[in-house]
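Source file run-v8.cif; content: mmCIF, C-alpha atoms and all ligand atoms.
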```cif
data_run
loop_
_atom_site.label_atom_id
_atom_site.label_comp_id
_atom_site.auth_asym_id
_atom_site.auth_seq_id
_atom_site.Cartn_x
_atom_site.Cartn_y
_atom_site.Cartn_z
CA MET A 1 85.32 -55.55 -47.92
CA ASP A 2 87.65 -56.10 -50.83
CA SER A 3 88.12 -52.43 -51.62
CA GLU A 4 88.61 -51.63 -47.92
CA SER A 5 91.38 -54.16 -47.48
CA THR A 6 92.95 -53.08 -50.77
CA SER A 7 92.91 -49.42 -49.78
CA GLU A 8 94.35 -50.34 -46.39
CA ARG A 9 97.16 -52.23 -48.12
CA ARG A 10 97.89 -49.27 -50.36
CA ASP A 11 97.76 -46.86 -47.48
CA ILE A 12 100.88 -48.25 -45.86
CA TYR A 13 103.24 -46.08 -47.95
CA ALA A 14 104.26 -42.44 -47.44
CA VAL A 15 107.26 -40.15 -47.72
CA LEU A 16 108.94 -38.64 -44.71
CA GLY A 17 109.28 -34.93 -43.87
CA SER A 18 107.85 -33.08 -46.88
CA PRO A 19 105.58 -33.71 -49.91
CA ASP A 20 108.58 -33.79 -52.30
CA SER A 21 110.72 -35.88 -49.95
CA ARG A 22 112.70 -38.79 -51.40
CA PHE A 23 112.52 -40.86 -48.24
CA PRO A 24 109.75 -43.40 -48.67
CA VAL A 25 108.53 -45.47 -45.75
CA GLU A 26 106.30 -48.48 -45.34
CA ALA A 27 104.21 -48.61 -42.19
CA PRO A 28 105.50 -51.51 -40.04
CA ALA A 29 102.83 -54.07 -39.21
CA ASP A 30 104.05 -54.17 -35.59
CA PRO A 31 102.47 -51.24 -33.58
CA LYS A 32 105.56 -50.88 -31.39
CA GLU A 33 107.81 -50.40 -34.41
CA ALA A 34 105.22 -48.14 -36.00
CA ARG A 35 105.23 -45.89 -32.94
CA ARG A 36 109.04 -45.74 -33.09
CA LEU A 37 108.86 -44.63 -36.73
CA LYS A 38 106.12 -42.12 -36.02
CA GLY A 39 108.14 -40.27 -33.31
CA GLY A 40 107.94 -36.56 -34.09
CA ASN A 41 107.88 -37.14 -37.86
CA SER A 42 105.38 -35.96 -40.41
CA PHE A 43 104.26 -38.07 -43.41
CA TYR A 44 103.08 -37.03 -46.85
CA CYS A 45 101.59 -38.41 -50.03
CA SER A 46 104.55 -38.20 -52.47
CA THR A 47 104.40 -35.56 -55.19
CA ALA A 48 107.47 -37.15 -56.84
CA LEU A 49 105.35 -40.26 -57.44
CA GLY A 50 102.33 -38.30 -58.72
CA GLY A 51 100.49 -38.04 -55.38
CA CYS A 52 98.53 -35.09 -53.96
CA GLY A 53 101.23 -33.99 -51.49
CA GLY A 54 98.73 -33.99 -48.62
CA GLU A 55 99.90 -34.65 -45.09
CA LEU A 56 98.90 -38.14 -43.98
CA THR A 57 97.76 -39.29 -40.58
CA PHE A 58 99.79 -42.23 -39.28
CA ALA A 59 97.08 -44.28 -37.60
CA ILE A 60 98.35 -46.74 -35.01
CA GLY A 61 95.49 -48.34 -33.09
CA ASP A 62 94.77 -51.59 -31.31
CA VAL A 63 92.40 -53.01 -33.97
CA ASN A 64 93.65 -52.04 -37.43
CA ILE A 65 97.22 -52.64 -38.49
CA PRO A 66 99.21 -49.38 -38.63
CA HIS A 67 98.46 -47.33 -41.78
CA PHE A 68 98.51 -43.86 -43.30
CA ARG A 69 95.30 -41.97 -43.94
CA HIS A 70 94.53 -39.06 -46.29
CA GLN A 71 92.45 -36.16 -44.93
CA ALA A 72 88.75 -36.84 -45.29
CA GLY A 73 87.50 -35.73 -48.71
CA SER A 74 90.96 -35.36 -50.26
CA ARG A 75 91.10 -36.18 -53.98
CA CYS A 76 94.23 -38.16 -54.88
CA SER A 77 94.92 -40.19 -58.00
CA LEU A 78 97.93 -41.97 -56.48
CA ILE A 79 95.91 -43.57 -53.68
CA SER A 80 93.67 -45.35 -56.22
CA SER A 81 96.61 -46.43 -58.43
CA LYS A 82 97.29 -50.13 -58.66
CA THR A 83 100.99 -49.40 -58.99
CA LEU A 84 101.29 -47.41 -55.76
CA ALA A 85 103.32 -50.09 -53.95
CA ASP A 86 105.59 -50.45 -56.99
CA ARG A 87 106.16 -46.71 -57.21
CA TYR A 88 107.12 -46.36 -53.52
CA THR A 89 109.36 -49.44 -53.76
CA HIS A 90 110.97 -48.09 -56.95
CA LEU A 91 111.70 -44.82 -55.15
CA ALA A 92 113.14 -46.71 -52.17
CA ILE A 93 115.44 -48.68 -54.48
CA GLN A 94 116.59 -45.55 -56.33
CA GLU A 95 117.44 -43.91 -53.00
CA ALA A 96 119.21 -47.04 -51.71
CA LEU A 97 121.33 -47.12 -54.89
CA ARG A 98 122.09 -43.43 -54.63
CA ALA A 99 123.12 -43.71 -50.96
CA TRP A 100 125.40 -46.66 -51.77
CA ILE A 101 126.99 -45.06 -54.86
CA GLU A 102 127.71 -41.82 -53.00
CA THR A 103 129.78 -43.73 -50.43
CA MET A 104 132.18 -44.74 -53.23
CA PRO A 105 135.17 -42.39 -53.56
CA GLY A 106 135.10 -40.57 -56.90
CA PHE A 107 131.51 -41.54 -57.69
CA SER A 108 128.35 -39.48 -57.86
CA CYS A 109 124.80 -40.32 -58.80
CA ARG A 110 121.75 -38.62 -60.27
CA LEU A 111 118.22 -39.97 -60.61
CA GLU A 112 115.73 -39.55 -63.44
CA VAL A 113 118.22 -37.97 -65.86
CA SER A 114 116.90 -37.21 -69.35
CA ILE A 115 118.93 -38.73 -72.19
CA GLU A 116 117.53 -37.81 -75.58
CA SER A 117 113.97 -39.14 -75.71
CA GLY A 118 114.34 -41.24 -72.56
CA ARG A 119 114.90 -40.82 -68.86
CA THR A 120 117.24 -43.12 -67.02
CA ASP A 121 116.50 -44.27 -63.44
CA VAL A 122 119.95 -44.01 -61.96
CA LEU A 123 122.88 -42.39 -63.75
CA VAL A 124 126.17 -43.27 -62.07
CA THR A 125 129.13 -41.00 -62.76
CA GLY A 126 132.46 -42.67 -62.06
CA PRO A 127 136.04 -41.37 -62.39
CA SER A 128 135.90 -41.32 -66.23
CA PHE A 129 132.68 -42.99 -67.24
CA GLU A 130 128.92 -43.08 -66.79
CA VAL A 131 126.69 -46.10 -66.21
CA ALA A 132 122.89 -46.18 -66.43
CA LEU A 133 121.09 -48.53 -64.04
CA GLU A 134 117.46 -49.26 -64.88
CA VAL A 135 115.29 -50.60 -62.09
CA GLN A 136 112.44 -52.51 -63.79
CA ARG A 137 109.42 -53.52 -61.73
CA SER A 138 106.72 -53.52 -64.42
CA ALA A 139 106.09 -55.32 -67.71
CA LEU A 140 108.65 -54.56 -70.43
CA SER A 141 109.12 -56.23 -73.79
CA ALA A 142 112.55 -57.32 -74.97
CA ARG A 143 112.25 -54.94 -77.91
CA ASN A 144 111.45 -51.96 -75.68
CA ALA A 145 114.39 -52.76 -73.41
CA LEU A 146 116.74 -52.88 -76.42
CA GLU A 147 115.40 -49.61 -77.78
CA ARG A 148 115.80 -47.85 -74.45
CA THR A 149 119.28 -49.36 -73.98
CA ALA A 150 120.23 -47.94 -77.39
CA VAL A 151 118.99 -44.47 -76.37
CA TYR A 152 120.81 -44.45 -73.00
CA SER A 153 123.97 -45.77 -74.71
CA HIS A 154 124.30 -42.45 -76.49
CA ARG A 155 125.54 -41.16 -73.19
CA ALA A 156 126.29 -44.05 -70.82
CA ASN A 157 129.27 -46.39 -71.29
CA ALA A 158 127.12 -49.24 -69.99
CA VAL A 159 123.39 -49.71 -69.48
CA GLN A 160 122.21 -52.39 -67.09
CA TRP A 161 118.70 -53.56 -66.31
CA LEU A 162 117.90 -54.69 -62.79
CA TYR A 163 114.72 -56.73 -62.83
CA ALA A 164 112.48 -57.07 -59.80
CA PHE A 165 110.38 -59.92 -61.18
CA ARG A 166 111.08 -63.03 -63.19
CA ASP A 167 107.93 -62.77 -65.32
CA ILE A 168 109.15 -59.63 -67.15
CA ASP A 169 109.64 -60.50 -70.85
CA ALA A 170 112.79 -58.39 -71.22
CA TYR A 171 114.35 -60.30 -68.29
CA LYS A 172 113.54 -63.67 -69.87
CA ALA A 173 114.89 -62.58 -73.27
CA GLU A 174 118.13 -61.23 -71.76
CA LEU A 175 118.61 -64.45 -69.77
CA ALA A 176 118.01 -66.62 -72.84
CA ASP A 177 120.25 -64.50 -75.04
CA ARG A 178 123.18 -63.78 -72.75
CA GLY A 179 122.81 -66.57 -70.19
CA TRP A 180 122.58 -64.15 -67.25
CA SER A 181 120.45 -61.25 -66.10
CA LEU A 182 120.60 -58.95 -63.08
CA ARG A 183 117.96 -58.92 -60.34
CA ILE A 184 117.14 -56.45 -57.59
CA TRP A 185 115.31 -56.94 -54.29
CA TYR A 186 114.16 -54.47 -51.67
CA GLY A 187 113.09 -55.35 -48.13
CA TRP A 188 111.14 -52.62 -46.31
CA ALA A 189 111.54 -54.11 -42.83
CA LYS A 190 115.33 -53.76 -42.85
CA LYS A 191 115.45 -51.15 -45.63
CA GLU A 192 117.76 -53.55 -47.35
CA CYS A 193 118.56 -53.53 -51.07
CA ARG A 194 120.23 -56.53 -52.71
CA ILE A 195 121.47 -57.09 -56.23
CA GLY A 196 121.73 -60.57 -57.66
CA VAL A 197 122.14 -62.43 -60.89
CA SER A 198 120.04 -65.17 -62.50
CA TYR A 199 122.16 -67.42 -64.67
CA GLU A 200 122.03 -70.60 -66.68
CA THR A 201 124.04 -73.50 -65.41
CA GLU A 202 124.17 -77.20 -66.11
CA THR A 203 123.32 -79.75 -63.45
CA GLY A 204 123.72 -83.20 -64.96
CA ALA A 205 122.16 -83.02 -68.40
CA GLU A 206 119.62 -80.33 -67.43
CA VAL A 207 120.01 -76.59 -67.88
CA GLU A 208 118.91 -74.86 -64.71
CA ILE A 209 118.45 -71.21 -63.75
CA LYS A 210 120.30 -70.38 -60.54
CA GLU A 211 120.37 -67.18 -58.53
CA ALA A 212 123.24 -65.62 -56.64
CA GLY A 213 123.59 -62.24 -55.04
CA GLY A 214 124.05 -60.16 -51.93
CA PRO A 215 123.90 -56.67 -50.41
CA LEU A 216 124.94 -53.64 -52.49
CA THR A 217 128.33 -53.64 -50.76
CA ASP A 218 129.13 -56.91 -52.56
CA TRP A 219 129.11 -54.97 -55.85
CA ASP A 220 131.45 -52.58 -57.69
CA ILE A 221 130.82 -50.34 -60.66
CA SER A 222 133.26 -50.00 -63.55
CA PHE A 223 132.89 -48.61 -67.08
CA ARG A 224 131.47 -52.03 -67.97
CA GLY A 225 128.73 -51.67 -65.34
CA LEU A 226 128.05 -53.60 -62.16
CA ASP A 227 130.44 -56.32 -61.13
CA SER A 228 130.79 -58.68 -58.20
CA VAL A 229 132.03 -62.10 -57.24
CA HIS A 230 128.45 -63.30 -57.81
CA LEU A 231 128.41 -62.03 -61.38
CA ARG A 232 131.87 -63.41 -62.16
CA LYS A 233 130.82 -66.80 -60.84
CA ALA A 234 127.61 -66.65 -62.93
CA LYS A 235 129.49 -65.64 -66.09
CA ALA A 236 131.98 -68.48 -65.60
CA ALA A 237 129.11 -70.97 -65.19
CA VAL A 238 127.43 -69.65 -68.35
CA GLU A 239 130.74 -69.81 -70.25
CA ARG A 240 131.24 -73.41 -69.15
CA LEU A 241 127.69 -74.30 -70.15
CA ARG A 242 127.99 -72.65 -73.54
CA ALA A 243 131.40 -74.26 -74.17
CA THR A 244 129.86 -77.64 -73.33
CA GLU A 245 126.97 -76.91 -75.70
CA ARG A 246 129.39 -75.84 -78.46
CA GLU A 247 131.45 -79.00 -77.90
CA ARG A 248 128.28 -81.12 -78.00
CA ARG A 249 127.18 -79.50 -81.27
CA LEU A 250 130.67 -80.03 -82.76
CA GLU A 251 130.63 -83.65 -81.61
CA GLN A 252 127.21 -84.15 -83.20
CA ALA A 253 128.43 -82.59 -86.44
CA ARG A 254 131.51 -84.83 -86.39
CA GLU A 255 129.39 -87.93 -85.80
CA GLU A 256 127.00 -86.90 -88.54
CA ALA A 257 129.90 -86.33 -90.98
CA ALA A 258 131.43 -89.69 -90.07
CA ARG A 259 128.07 -91.42 -90.59
CA GLU A 260 127.65 -89.72 -93.97
CA ALA A 261 131.19 -90.68 -95.04
CA ALA A 262 130.65 -94.32 -93.97
CA GLU A 263 127.34 -94.44 -95.84
CA LYS A 264 128.96 -92.93 -98.94
CA ALA A 265 131.83 -95.45 -98.76
CA ARG A 266 129.35 -98.30 -98.31
CA LYS A 267 127.36 -97.18 -101.39
CA GLU A 268 130.53 -96.75 -103.43
CA ALA A 269 131.77 -100.23 -102.44
CA ALA A 270 128.37 -101.71 -103.36
CA ARG A 271 128.47 -99.89 -106.70
CA LEU A 272 131.98 -101.17 -107.47
CA ARG A 273 131.00 -104.68 -106.40
CA HIS A 274 127.98 -104.55 -108.67
CA ILE A 275 130.13 -103.41 -111.62
CA ALA A 276 132.67 -106.19 -110.91
CA ASP A 277 129.88 -108.79 -110.68
CA GLN A 278 128.41 -107.60 -113.97
CA ARG A 279 131.81 -107.66 -115.64
CA ALA A 280 132.56 -111.18 -114.34
CA ALA A 281 129.17 -112.43 -115.54
CA HIS A 282 129.75 -110.84 -118.92
CA GLU A 283 133.21 -112.35 -119.23
CA SER A 284 131.94 -115.78 -118.30
CA LEU A 285 129.22 -115.46 -120.97
CA LEU A 286 131.81 -114.56 -123.60
CA ARG A 287 134.11 -117.41 -122.54
CA ALA A 288 131.23 -119.86 -122.78
CA LEU A 289 130.44 -118.67 -126.31
CA GLN A 290 134.06 -118.95 -127.50
CA HIS A 291 134.37 -122.53 -126.28
CA THR A 292 134.22 -125.02 -129.17
CA PRO A 293 132.56 -128.28 -128.13
CA GLU A 294 134.53 -131.52 -128.52
CA GLY A 295 133.62 -133.52 -131.63
CA LEU A 296 132.19 -130.44 -133.36
CA GLU A 297 135.45 -128.91 -134.59
CA ASN A 298 134.93 -127.20 -137.98
CA LYS A 299 131.17 -127.48 -137.54
CA TRP A 300 130.50 -125.21 -134.57
CA PRO A 301 130.37 -121.48 -135.43
CA SER A 302 133.88 -120.03 -135.10
CA SER A 303 132.68 -116.72 -133.67
CA TRP A 304 129.62 -115.08 -132.20
CA PRO A 305 128.90 -111.52 -133.21
CA GLN A 306 128.93 -108.51 -130.95
CA LEU A 307 125.22 -107.86 -130.33
CA LYS A 308 123.67 -104.58 -131.46
CA GLY A 309 121.20 -102.52 -129.45
CA SER A 310 121.12 -100.27 -126.42
CA PRO A 311 123.55 -101.22 -123.58
CA GLY A 312 120.62 -102.53 -121.52
CA GLN A 313 119.23 -104.61 -124.38
CA VAL A 314 122.68 -105.96 -125.28
CA SER A 315 123.38 -107.07 -121.72
CA TRP A 316 119.94 -108.72 -121.45
CA ALA A 317 120.24 -110.39 -124.88
CA GLU A 318 123.75 -111.64 -124.12
CA SER A 319 122.56 -113.60 -121.11
CA ILE A 320 119.63 -115.09 -123.09
CA ARG A 321 121.98 -116.05 -125.93
CA ALA A 322 124.56 -117.55 -123.58
CA ARG A 323 121.90 -119.74 -121.91
CA ALA A 324 120.42 -120.83 -125.23
CA VAL A 325 123.80 -121.57 -126.86
CA ALA A 326 125.06 -123.49 -123.80
CA LEU A 327 121.94 -125.64 -123.91
CA LEU A 328 122.26 -126.32 -127.64
CA ARG A 329 125.95 -127.23 -127.28
CA GLU A 330 125.28 -129.56 -124.37
CA GLU A 331 122.54 -131.41 -126.31
CA LEU A 332 124.81 -131.80 -129.33
CA VAL A 333 127.76 -133.04 -127.23
CA GLU A 334 125.55 -135.48 -125.39
CA GLU A 335 124.06 -136.50 -128.76
CA TRP A 336 120.49 -135.91 -127.67
CA LEU A 337 120.24 -133.77 -130.75
CA PRO A 338 121.70 -135.17 -133.99
CA GLN A 339 124.44 -133.03 -135.50
CA ALA A 340 122.59 -132.97 -138.82
CA ARG A 341 119.72 -131.06 -137.18
CA GLY A 342 121.62 -129.11 -134.48
CA VAL A 343 124.64 -127.73 -136.34
CA PRO A 344 122.61 -125.72 -138.92
CA VAL A 345 120.60 -124.22 -136.06
CA ALA A 346 123.84 -123.20 -134.27
CA ARG A 347 125.16 -121.57 -137.49
CA TRP A 348 121.87 -119.77 -138.00
CA LEU A 349 121.90 -118.47 -134.43
CA ALA A 350 125.52 -117.30 -134.95
CA LEU A 351 124.21 -114.95 -137.63
CA GLN A 352 121.80 -113.19 -135.27
CA SER A 353 123.49 -110.01 -134.15
CA SER A 354 120.41 -108.04 -133.15
CA ALA A 355 119.79 -107.88 -129.38
CA ALA A 356 116.08 -107.62 -130.21
CA PHE A 357 116.14 -111.06 -131.88
CA TRP A 358 117.28 -112.72 -128.65
CA ILE A 359 114.98 -110.72 -126.43
CA HIS A 360 111.96 -111.45 -128.61
CA CYS A 361 112.57 -115.13 -129.31
CA ARG A 362 111.67 -116.14 -125.73
CA PHE A 363 112.49 -119.76 -126.34
CA ASN A 364 112.51 -122.01 -123.34
CA ASP A 365 114.35 -125.01 -124.80
CA THR A 366 116.51 -126.08 -127.71
CA PHE A 367 113.64 -127.77 -129.47
CA ALA A 368 111.88 -124.42 -129.89
CA PHE A 369 114.96 -123.08 -131.79
CA VAL A 370 115.11 -126.19 -133.93
CA GLN A 371 111.40 -125.86 -134.79
CA ALA A 372 111.76 -122.18 -135.58
CA TYR A 373 114.74 -122.91 -137.84
CA GLU A 374 113.09 -125.85 -139.63
CA HIS A 375 109.84 -123.90 -140.05
CA GLN A 376 111.80 -121.27 -141.94
CA PHE A 377 114.39 -123.36 -143.80
CA GLY A 378 113.06 -126.93 -143.80
CA SER A 379 114.50 -129.97 -142.01
CA PRO A 380 117.22 -132.36 -143.28
CA TRP A 381 114.45 -134.93 -143.48
CA HIS A 382 111.75 -132.71 -144.90
CA PRO A 383 113.49 -130.06 -146.98
CA GLN A 384 111.25 -127.13 -147.82
CA ARG A 385 110.43 -126.71 -151.41
ZN ZN B 401 97.61 -38.36 -52.05
#
```
Spell out the structure here as structure tokens.
Amino acid sequence: MDSESTSERRDIYAVLGSPDSRFPVEAPADPKEARRLKGGNSFYCSTALGGCGGELTFAIGDVNIPHFRHQAGSRCSLISSKTLADRYTHLAIQEALRAWIETMPGFSCRLEVSIESGRTDVLVTGPSFEVALEVQRSALSARNALERTAVYSHRANAVQWLYAFRDIDAYKAELADRGWSLRIWYGWAKKECRIGVSYETETGAEVEIKEAGGPLTDWDISFRGLDSVHLRKAKAAVERLRATERERRLEQAREEAAREAAEKARKEAARLRHIADQRAAHESLLRALQHTPEGLENKWPSSWPQLKGSPGQVSWAESIRARAVALLREELVEEWLPQARGVPVARWLALQSSAAFWIHCRFNDTFAFVQAYEHQFGSPWHPQR
């Protein structure tokens, strides 16, 4: 059942007049139209497409849809080929292109022309240039398309691919890379060939693929290849889209740079603020040290030494010393601590210039200093012996 219907589908193609004819036909499904086509014509399996060249019977009955039939027992590799429909359609398109090109003054056209290792589908010769048109109906990788384009470019001023289907990899790659790609359609019923263009365009925020095109008469051929109002419109849309994308990328880069600059400025301001805060704290420590308490003139140490140690240790020790000395001074001024006990401790502390001394003493109150001093040197009341 399956193979029957498949073979019937395949059997609807033939060439008209002779085995090597370049006039392909598709049997119309309508018997009346089929009879009109049949007329006094003869139909053959195409040798140009690799067929057997046998004359075919055009069967138009009341039950089966019109179809062509090989002679019983004929051996033909084309009839069993899965690409039979594609081959006849490819031939029809080549012939449609040739017929159209030959109507243009100053133009001629040849099919299947060998160029180095390749063979181009349609080679258009214009007034002073040649253009290769490749009709692609089967799978083709982007890499293969580029390689073949390079080969044909040795002769042709322009090489253009006309894709029949959107699932061909080379088509997708060309569309993604260039933003547009040419398409070709063929309708058997009206023997109509159309060329169109798929192109990227922006609708709102989305990138969309649109199609535009028309009959062959909408198109011209120059040394740059095919051209038409459809293609110019498509190229303009792609240019607009790509300009918008470029602008968007630039805008993003500008925003990113502005953000980075603001962040850098913020960090720098914080760093300067931190330095200023540290300096102010340091200065206030030094001022506090230099201040001679009232009532202790001539008794209070006249100067406090610059501490020695690493910058980190010195800064840490300075704040410990400032706290400790402020506390001692306050207790002396308030007379909580008698001058006889407190002043010697202050003079002793004024001799300590090592940052490590202050860091390691870890005293929490004045009394701890007084005890440490008296433990070492004796108290006014209990002098050490
Ligand atoms: Zn055949």
message = Could you list, as a VMD selection string, all protein and nucleic acid residues with an atom at most 6 Å from ligand ZN 401 (chain B), counting all atoms listed in the file?
response = chain A and resid 45 51 to 54 76 78 to 79
Could you save the residues just selected, with C-alpha atoms, as a PDB file, keeping the file's coordinate frame?
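And here is the file that came out, out-v3.pdb:
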```pdb
ATOM      1  CA  CYS A  45     101.590 -38.410 -50.030  1.00  0.00           C
ATOM      2  CA  GLY A  51     100.490 -38.040 -55.380  1.00  0.00           C
ATOM      3  CA  CYS A  52      98.530 -35.090 -53.960  1.00  0.00           C
ATOM      4  CA  GLY A  53     101.230 -33.990 -51.490  1.00  0.00           C
ATOM      5  CA  GLY A  54      98.730 -33.990 -48.620  1.00  0.00           C
ATOM      6  CA  CYS A  76      94.230 -38.160 -54.880  1.00  0.00           C
ATOM      7  CA  LEU A  78      97.930 -41.970 -56.480  1.00  0.00           C
ATOM      8  CA  ILE A  79      95.910 -43.570 -53.680  1.00  0.00           C
TER       9      ILE A  79
END
```
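Note that the spacing between CA of Val122 in chain A and CA of Asp167 in chain A amounts to 22.5 Å.
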request  = Would you mind reading off the distance between CA of Ser21 in chain A and CA of Tyr163 in chain A, one decimal, in Å?
outcome  =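 Between CA of Ser21 in chain A and CA of Tyr163 in chain A the gap works out to 24.8 Å.
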task = Please identify all polymer residues within 9 Å of range 189-199 of chain A, counting all atoms listed in the file, omitting same-chain residues fewer than 5 positions from it, and present them as a count of residues only.
result = 34
key: Answer as a list of chain:residue names, residues within 12 Å of (114.0, -121.6, -131.5) using all atoms listed in the file   =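 Within 12 Å of (114.0, -121.6, -131.5), the protein and nucleic acid residues are A:Arg321, A:Ala324, A:Val325, A:Leu327, A:Leu328, A:Gly342, A:Val345, A:Ala346, A:Trp348, A:Leu349, A:Phe357, A:Trp358, A:His360, A:Cys361, A:Arg362, A:Phe363, A:Asn364, A:Asp365, A:Thr366, A:Phe367, A:Ala368, A:Phe369, A:Val370, A:Gln371, A:Ala372, A:Tyr373, A:Glu374, A:His375, A:Gln376.
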task = Tell me which protein, DNA and RNA residues are within 8 Å of range 130-141 of chain A, counting only C-alpha atoms, leaving out same-chain ones fewer than 2 positions away, and put them as a PyMOL selection string.
result = chain A and resi 86+90+93-94+120-126+128+143-145+152+155-165+168-170+184+223-225
inquiry  = Can you pull out the residues contacting range 280-290 of chain A? Cut-off 9 Å, using all atoms listed in the file, and skip same-chain residues under 5 positions away; I want them as a PyMOL selection string.
reply    = chain A and resi 275+302-304+315+318-319+321-323+325-326
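Nearest to Thr57 in chain A of all the residues A:Ala269, A:Ile12, A:Ala29, A:Ala99 is A:Ile12, counting only C-alpha atoms.
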remark   = From the list A:Gly40, A:Arg347, A:Ser353, A:Arg242, the nearest residue to Ala317 in chain A using only C-alpha atoms is A:Ser353
query = Any idea what the distance is between CA of Leu250 in chain A and CA of Ala205 in chain A?
reply =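 Value for the CA of Leu250 in chain A-CA of Ala205 in chain A distance: 17.0 Å.
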message = Quick one: residues within 9 Å of Pro127 in chain A, all atoms listed in the file, excluding same-chain residues fewer than 6 positions away - as a list of chain:residue names?
response =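 The filter keeps A:Pro105, A:Gly106, A:Phe107.
Minimum atom-to-atom distance to Asp11 in chain A, evaluated using all atoms listed in the file, belongs to A:His67 out of A:Arg279, A:Arg166, A:Lys38, A:His67.
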Sel. within 7 Å of pt (100.9, -40.0, -48.5), counting only C-alpha atoms, output as a PDB file with C-alpha atoms, in the frame of the given file:
```
ATOM      1  CA  TYR A  13     103.240 -46.080 -47.950  1.00  0.00           C
ATOM      2  CA  ALA A  14     104.260 -42.440 -47.440  1.00  0.00           C
ATOM      3  CA  VAL A  15     107.260 -40.150 -47.720  1.00  0.00           C
ATOM      4  CA  PHE A  43     104.260 -38.070 -43.410  1.00  0.00           C
ATOM      5  CA  TYR A  44     103.080 -37.030 -46.850  1.00  0.00           C
ATOM      6  CA  CYS A  45     101.590 -38.410 -50.030  1.00  0.00           C
ATOM      7  CA  SER A  46     104.550 -38.200 -52.470  1.00  0.00           C
ATOM      8  CA  GLY A  53     101.230 -33.990 -51.490  1.00  0.00           C
ATOM      9  CA  GLY A  54      98.730 -33.990 -48.620  1.00  0.00           C
ATOM     10  CA  GLU A  55      99.900 -34.650 -45.090  1.00  0.00           C
ATOM     11  CA  LEU A  56      98.900 -38.140 -43.980  1.00  0.00           C
ATOM     12  CA  PHE A  68      98.510 -43.860 -43.300  1.00  0.00           C
ATOM     13  CA  HIS A  70      94.530 -39.060 -46.290  1.00  0.00           C
TER      14      HIS A  70
END
```
